[in-house]
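Have a look at the structure below before the remarks.
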Amino acid sequence: MNKQCDIGLIGLAVMGENLALNIAGKGFPIAVYNRTAKKTEQFLSSHASSLPITGAFSLAEFVNSLRRPRKILLMVKAGKPVDDFIELLLPLLGQGDILIDGGNSYYEDTQRRARILQAHGIHYVGLGVSGGEEGALKGPSLMPGGTKAAYDELAPILTAIAAKAGNSPCCSYLGPDGAGHYVKMVHNGIEYGDMQLIAETYFVMKQVLQLCPSEQSKIFQSWNKSDLNSYLIEITADILNRLDDRTQAPMVDLILDSAGQKGTGKWTVHSALDLGVPVPTITEAVYARFLSGYKAERLTAAKTLASPQQEAKLDSIPDFIAAIGDALYASKICSYAQGFALLKAASLHNNWNLQFADIALLWRGGCIIRAQFLEKIHDAFSRNPELPNLLLDPYFTAELKRLQQGWRKVVYICKQLGVPIPAFSASLDYYDAYCQEALPANLIQAQRDYFGAHTYERTDMEGCFHSDWTKLPKANQE
């Protein structure tokens, strides 16, 4: 086999197939390999006649088909399969070759693999890929992390196949080792928050206003022409307008209320806990999916536990719908503020030097959380790259002031009626806590010192202190 291919791809599941077609369609000759030879044969029979695609049926044949430095994109299941392929490929690769992991790998695994391969003179790139099957084919958001030299070699291919926001590709170098996969992980965590907030919006309109899915669809369509414009709002409007082809009932009403997850939201929360960064909206979104899985218990609890027995007292339904939109946008701002605060902490901890304005643009097209207001986030970090929190940017400060009345109204009404809105509530609590001059943590620290001698700081003098609380004078001496 001639060494004619610019890049090779291993793993011809749907994402791998579509990325291969995207690469070949942009004019880059590509070699493909799959452990199941039949899958490779089927892919070649469908596409090799019209695109520069070469099939290989052994890893040696596959590697020998690539130009140096050899570039290999792994599109296999995260975890052990990635390590297995690295072990198989390592004897076949040489100095300067580039191995790319395009799966949803945990960033610490990527850091470990990068260290191992660096010792062999091989570059390792953790490539976050967002956009699903359609994005892989038509243009995903790409989040590469690894050595800058490796990125420079890959850039002509990656920027060609990435989604475009205006004329700019949704792909740029993020930083060393696990930076790309970390940014993708946080993207997915924010995605969890977005989806939960939208689901709560649907649920409030259903439970409080008794609006049917088709009526809600029109509202989401109108919101998609506003500041809330996003891919997830767009598909929600479409979902709510769809009927089951057998019963003609609203399709959404026939889907069991138990949501799955693959783990990236959990990883985001774990990392936030490790770094000491509050991400309550994202955390509640993860917990909400867990709780949705307790369907049998919830059915029992619904018949057993008391709920408020009252009706909503609303002055105006249109005004309350507008308030729901305000609550959604305000909570969304808080969720993204949490995500970017986590990225900032991780960047400092890992010496990644992440560029947050660039990350906002990476997410502007191709990915699941693509949204109009990411331009505002880009503008915020362009104005102040050291911005500690999005809430402190003048645009977002003003928006949250404008949205606050409707936001609080929705949370208040839902609490009165017993309608669960964990992500809305967590977002509002995050906002209220963040802008408080004083929090009750002073009492917590006093308790810690009382039972465990953990010490405390004082507001009136420097240093750390401990008290024997049983010997301190009492305010009430009676």
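Letters for chains follow the order of the structure tokens (A, B, ...), residue numbers begin at 1 for each chain, and ligand numbers begin at 1 in the order shown.
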
Original post:
If you count only C-alpha atoms, which residues fall within 8 Å of Tyr231 in chain A, apart from same-chain ones fewer than 3 positions away, as a PyMOL selection string?
Top reply: chain A and resi 234-235+368-371

For N, CA, C and O atoms, I'd like the residues from the last selection saved as a compact mmCIF listing (two decimals), in the first residue's frame.
```txt
# COMPACT_ATOMS: atom_id res chain seq x y z
N GLU A 234 -34.19 25.49 19.93
CA GLU A 234 -34.73 25.16 18.60
C GLU A 234 -35.27 23.73 18.56
O GLU A 234 -36.40 23.49 18.10
N ILE A 235 -34.49 22.77 19.05
CA ILE A 235 -34.96 21.38 18.96
C ILE A 235 -36.08 21.11 19.97
O ILE A 235 -36.93 20.25 19.73
N ILE A 368 -23.49 21.17 20.87
CA ILE A 368 -24.85 21.06 21.38
C ILE A 368 -25.29 22.33 22.11
O ILE A 368 -26.47 22.70 22.07
N ILE A 369 -24.38 23.03 22.79
CA ILE A 369 -24.78 24.22 23.53
C ILE A 369 -24.62 25.50 22.70
O ILE A 369 -24.66 26.60 23.27
N ARG A 370 -24.45 25.37 21.40
CA ARG A 370 -24.30 26.57 20.58
C ARG A 370 -25.51 27.49 20.81
O ARG A 370 -26.66 27.06 20.83
N ALA A 371 -25.19 28.76 21.01
CA ALA A 371 -26.22 29.72 21.37
C ALA A 371 -25.75 31.13 21.02
O ALA A 371 -24.55 31.42 21.02
```

Taking only residues of range 159-248 of chain A that have an atom at most 12 Å from an atom of range 415-439 of chain A, what is each one's shortest atom pair and its distance in Å to one decimal, using only C-alpha atoms, in chain and number order, as a Markdown table?
```
| residue | atom | partner | partner_atom | distance |
| --- | --- | --- | --- | --- |
| A:Ile190 | CA | A:Ala423 | CA | 11.7 |
| A:Tyr192 | CA | A:Ala423 | CA | 10.2 |
| A:Gly193 | CA | A:Ala423 | CA | 7.3 |
| A:Asp194 | CA | A:Ala423 | CA | 9.2 |
| A:Met195 | CA | A:Ala423 | CA | 9.9 |
| A:Gln196 | CA | A:Ala423 | CA | 6.7 |
| A:Leu197 | CA | A:Ala423 | CA | 6.0 |
| A:Ile198 | CA | A:Ala423 | CA | 9.7 |
| A:Ala199 | CA | A:Ile421 | CA | 9.2 |
| A:Glu200 | CA | A:Ile421 | CA | 5.8 |
| A:Thr201 | CA | A:Ile421 | CA | 8.5 |
| A:Tyr202 | CA | A:Ile421 | CA | 10.6 |
| A:Phe203 | CA | A:Val419 | CA | 8.1 |
| A:Val204 | CA | A:Val419 | CA | 7.1 |
| A:Met205 | CA | A:Val419 | CA | 10.5 |
| A:Lys206 | CA | A:Val419 | CA | 10.2 |
| A:Gln207 | CA | A:Val419 | CA | 7.2 |
| A:Val208 | CA | A:Val419 | CA | 8.0 |
| A:Leu209 | CA | A:Val419 | CA | 11.6 |
```

Writing out the chosen residues with N, CA, C and O atoms as a PDB file, in the first residue's frame:
```pdb
ATOM      1  N   ILE A 190     -22.156  22.006  31.272  1.00  0.00           N
ATOM      2  CA  ILE A 190     -23.035  23.135  30.963  1.00  0.00           C
ATOM      3  C   ILE A 190     -24.246  22.651  30.169  1.00  0.00           C
ATOM      4  O   ILE A 190     -25.375  23.114  30.374  1.00  0.00           O
ATOM      5  N   TYR A 192     -25.687  19.761  30.459  1.00  0.00           N
ATOM      6  CA  TYR A 192     -26.609  19.190  31.447  1.00  0.00           C
ATOM      7  C   TYR A 192     -27.462  20.300  32.065  1.00  0.00           C
ATOM      8  O   TYR A 192     -28.673  20.157  32.233  1.00  0.00           O
ATOM      9  N   GLY A 193     -26.790  21.404  32.460  1.00  0.00           N
ATOM     10  CA  GLY A 193     -27.515  22.526  33.047  1.00  0.00           C
ATOM     11  C   GLY A 193     -28.532  23.110  32.092  1.00  0.00           C
ATOM     12  O   GLY A 193     -29.694  23.356  32.469  1.00  0.00           O
ATOM     13  N   ASP A 194     -28.133  23.343  30.852  1.00  0.00           N
ATOM     14  CA  ASP A 194     -29.042  23.885  29.835  1.00  0.00           C
ATOM     15  C   ASP A 194     -30.281  22.998  29.671  1.00  0.00           C
ATOM     16  O   ASP A 194     -31.412  23.476  29.640  1.00  0.00           O
ATOM     17  N   MET A 195     -30.039  21.707  29.539  1.00  0.00           N
ATOM     18  CA  MET A 195     -31.148  20.783  29.287  1.00  0.00           C
ATOM     19  C   MET A 195     -32.104  20.716  30.475  1.00  0.00           C
ATOM     20  O   MET A 195     -33.333  20.670  30.299  1.00  0.00           O
ATOM     21  N   GLN A 196     -31.563  20.720  31.698  1.00  0.00           N
ATOM     22  CA  GLN A 196     -32.417  20.699  32.879  1.00  0.00           C
ATOM     23  C   GLN A 196     -33.225  21.984  32.991  1.00  0.00           C
ATOM     24  O   GLN A 196     -34.423  21.952  33.309  1.00  0.00           O
ATOM     25  N   LEU A 197     -32.608  23.123  32.730  1.00  0.00           N
ATOM     26  CA  LEU A 197     -33.318  24.391  32.801  1.00  0.00           C
ATOM     27  C   LEU A 197     -34.457  24.441  31.781  1.00  0.00           C
ATOM     28  O   LEU A 197     -35.555  24.927  32.077  1.00  0.00           O
ATOM     29  N   ILE A 198     -34.199  23.938  30.584  1.00  0.00           N
ATOM     30  CA  ILE A 198     -35.244  23.918  29.559  1.00  0.00           C
ATOM     31  C   ILE A 198     -36.353  22.948  29.967  1.00  0.00           C
ATOM     32  O   ILE A 198     -37.553  23.229  29.779  1.00  0.00           O
ATOM     33  N   ALA A 199     -35.965  21.807  30.528  1.00  0.00           N
ATOM     34  CA  ALA A 199     -36.963  20.841  30.985  1.00  0.00           C
ATOM     35  C   ALA A 199     -37.826  21.434  32.101  1.00  0.00           C
ATOM     36  O   ALA A 199     -39.054  21.217  32.139  1.00  0.00           O
ATOM     37  N   GLU A 200     -37.215  22.187  33.019  1.00  0.00           N
ATOM     38  CA  GLU A 200     -37.985  22.817  34.079  1.00  0.00           C
ATOM     39  C   GLU A 200     -38.923  23.881  33.515  1.00  0.00           C
ATOM     40  O   GLU A 200     -40.052  24.054  33.992  1.00  0.00           O
ATOM     41  N   THR A 201     -38.478  24.597  32.507  1.00  0.00           N
ATOM     42  CA  THR A 201     -39.328  25.591  31.839  1.00  0.00           C
ATOM     43  C   THR A 201     -40.570  24.920  31.261  1.00  0.00           C
ATOM     44  O   THR A 201     -41.704  25.400  31.458  1.00  0.00           O
ATOM     45  N   TYR A 202     -40.360  23.821  30.558  1.00  0.00           N
ATOM     46  CA  TYR A 202     -41.473  23.023  30.017  1.00  0.00           C
ATOM     47  C   TYR A 202     -42.401  22.573  31.139  1.00  0.00           C
ATOM     48  O   TYR A 202     -43.635  22.659  31.027  1.00  0.00           O
ATOM     49  N   PHE A 203     -41.809  22.127  32.256  1.00  0.00           N
ATOM     50  CA  PHE A 203     -42.601  21.564  33.353  1.00  0.00           C
ATOM     51  C   PHE A 203     -43.421  22.649  34.053  1.00  0.00           C
ATOM     52  O   PHE A 203     -44.565  22.416  34.447  1.00  0.00           O
ATOM     53  N   VAL A 204     -42.844  23.846  34.208  1.00  0.00           N
ATOM     54  CA  VAL A 204     -43.590  24.951  34.812  1.00  0.00           C
ATOM     55  C   VAL A 204     -44.783  25.323  33.944  1.00  0.00           C
ATOM     56  O   VAL A 204     -45.911  25.513  34.452  1.00  0.00           O
ATOM     57  N   MET A 205     -44.582  25.411  32.658  1.00  0.00           N
ATOM     58  CA  MET A 205     -45.699  25.753  31.766  1.00  0.00           C
ATOM     59  C   MET A 205     -46.754  24.654  31.751  1.00  0.00           C
ATOM     60  O   MET A 205     -47.946  24.909  31.613  1.00  0.00           O
ATOM     61  N   LYS A 206     -46.315  23.411  31.911  1.00  0.00           N
ATOM     62  CA  LYS A 206     -47.252  22.283  31.942  1.00  0.00           C
ATOM     63  C   LYS A 206     -48.020  22.242  33.257  1.00  0.00           C
ATOM     64  O   LYS A 206     -49.253  22.114  33.263  1.00  0.00           O
ATOM     65  N   GLN A 207     -47.315  22.345  34.382  1.00  0.00           N
ATOM     66  CA  GLN A 207     -47.920  22.152  35.690  1.00  0.00           C
ATOM     67  C   GLN A 207     -48.654  23.395  36.200  1.00  0.00           C
ATOM     68  O   GLN A 207     -49.706  23.276  36.832  1.00  0.00           O
ATOM     69  N   VAL A 208     -48.082  24.561  35.966  1.00  0.00           N
ATOM     70  CA  VAL A 208     -48.675  25.790  36.497  1.00  0.00           C
ATOM     71  C   VAL A 208     -49.723  26.360  35.535  1.00  0.00           C
ATOM     72  O   VAL A 208     -50.801  26.782  35.964  1.00  0.00           O
ATOM     73  N   LEU A 209     -49.408  26.356  34.252  1.00  0.00           N
ATOM     74  CA  LEU A 209     -50.302  26.975  33.261  1.00  0.00           C
ATOM     75  C   LEU A 209     -51.139  25.975  32.477  1.00  0.00           C
ATOM     76  O   LEU A 209     -52.017  26.376  31.714  1.00  0.00           O
TER      77      LEU A 209
END
```

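Here CA of Arg70 in chain A stands at a distance of 20.6 Å from CA of Ala162 in chain A.
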
Subject >> Shell of 9 Å around range 386-403 of chain A, only C-alpha atoms, local chain residues under 6 positions omitted, as an MDAnalysis selection string >> reply: chainID A and resid 323 325:327 329:330 333:334 336:338 340:341 344 376:377 380 431

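Excluding Gly121 in chain A itself and same-chain residues fewer than 4 positions from it, the residues having an atom within 7 Å of it are Gln95, Gly96 and Leu117 of chain A, counting only C-alpha atoms.
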
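Across the structure, CA of Trp267 in chain A and CA of Ala345 in chain A are spaced 15.1 Å apart.
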
**OP:** Based on DSSP run over this structure's backbone, return all residues of range 73-235 of chain A in strand (DSSP E), as a VMD selection string.
**Re:** chain A and resid 73 to 74 98 to 101 123 to 130 141 to 145 164 to 165 168 to 169

**OP:** Quick one: pull the distance between CA of Tyr182 in chain A and CA of Arg113 in chain A, Å, one decimal.
**Re:** 14.4 Å

Original post:
Among range 325-376 of chain A, which ones does DSSP place in helix (DSSP H, G or I), written as a ChimeraX atom specification?
Top reply: /A:325-350,356-362,374-376

**OP:** Compile the contact shell of Val14 in chain A as number ranges by chain: residues with an atom at most 10 Å away, counting only C-alpha atoms, same-chain residues fewer than 6 positions apart removed.
**Re:** A: 20, 75, 132-134, 136-137

Original post:
Skipping near chain neighbours, those fewer than 6 positions away, what residues fall within 10 Å of Lys164 in chain A using only C-alpha atoms, listed as a ChimeraX atom specification?
Top reply: /A:139-141,170-171,361-362,364-366
